[in-house]
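**Student:** Below is a structure I'd like to ask you about.
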Amino acid sequence: MRDFRKYDIWKDGMELVDNVYTFVEAFPNTEKYGLSSQLTRSAVSIPSNIAEGASRNSEKDFARFLEIALGSAFEVETQLIIASKRKFISERSLEETVKKLSSLQKRIYGLRRKIIN
């Protein structure tokens, strides 16, 4: 069993969750059950799947949960772009967050590749 708290990707995923919750607090109430909900669920899924995967005994299982976390990271990126297009978040916030998110995506992908090879 791995200690998920030691993974930088988990720590950065947790930071992303905080950022996303801050963003959605400013979204219109009409998005409460729409984009706000989808965005927060996708963001929470990233560190959650890293943690769950770390609990698995096999490398194959861990790699699968990292793959799910990576998919959620791309969902978050897409949803942030939608939020920016709808003017729910600023272009600057989008750029800053996507830059961090892109780094996180690459590192999740890299760890997954390392595990399966």
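Residues in the structure tokens are named by chain (A, B, ... in the order shown) and by number from 1 within that chain; ligands are numbered from 1 in the order shown.
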Going by DSSP on the backbone, which bits of chain A are helix (DSSP H, G or I)? Write them as a count of residues only, please.
**Tutor:** 97
**Student:** Which residue is closest to A:Val76? Choose from A:Val20, A:Ile116, A:Ile89, A:Ala51 and count only C-alpha atoms.
**Tutor:** A:Val20
**Student:** Could you please determine the separation between atom CA of A:Ser42 and atom CA of A:Gly13 in Å, to one decimal place?
**Tutor:** 10.8 Å
**Student:** Have a look at A:Ser37, A:Ala54, A:Phe27, A:Asp61 and name the one nearest to A:Lys87; count only C-alpha atoms.
**Tutor:**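 Looking only at the distances to A:Lys87, the closest residue turns out to be A:Phe27.
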**Student:** Nearest to A:Phe74 among A:Gln105, A:Ser48, A:Ser93, A:Asn29, with distances taken over only C-alpha atoms: which residue is it?
**Tutor:**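 Between A:Gln105, A:Ser48, A:Ser93, A:Asn29, the residue approaching A:Phe74 most closely is A:Gln105.
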**Student:** Could you please determine the separation between atom CA of A:Arg2 and atom CA of A:Ile50 in Å, to one decimal place?
**Tutor:** 10.4 Å
**Student:** Using only C-alpha atoms, pick whichever of A:Ser45, A:Phe88, A:Ser58, A:Asp18 has the shortest atom-to-atom distance to A:Glu31.
**Tutor:**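 So, comparing all the options, the nearest one is A:Phe88.
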**Student:** Which is closer to A:Thr97 than all the others in A:Arg113, A:Gly53, A:Tyr21, A:Glu77, using only C-alpha atoms?
**Tutor:**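 Closest candidate: A:Glu77.
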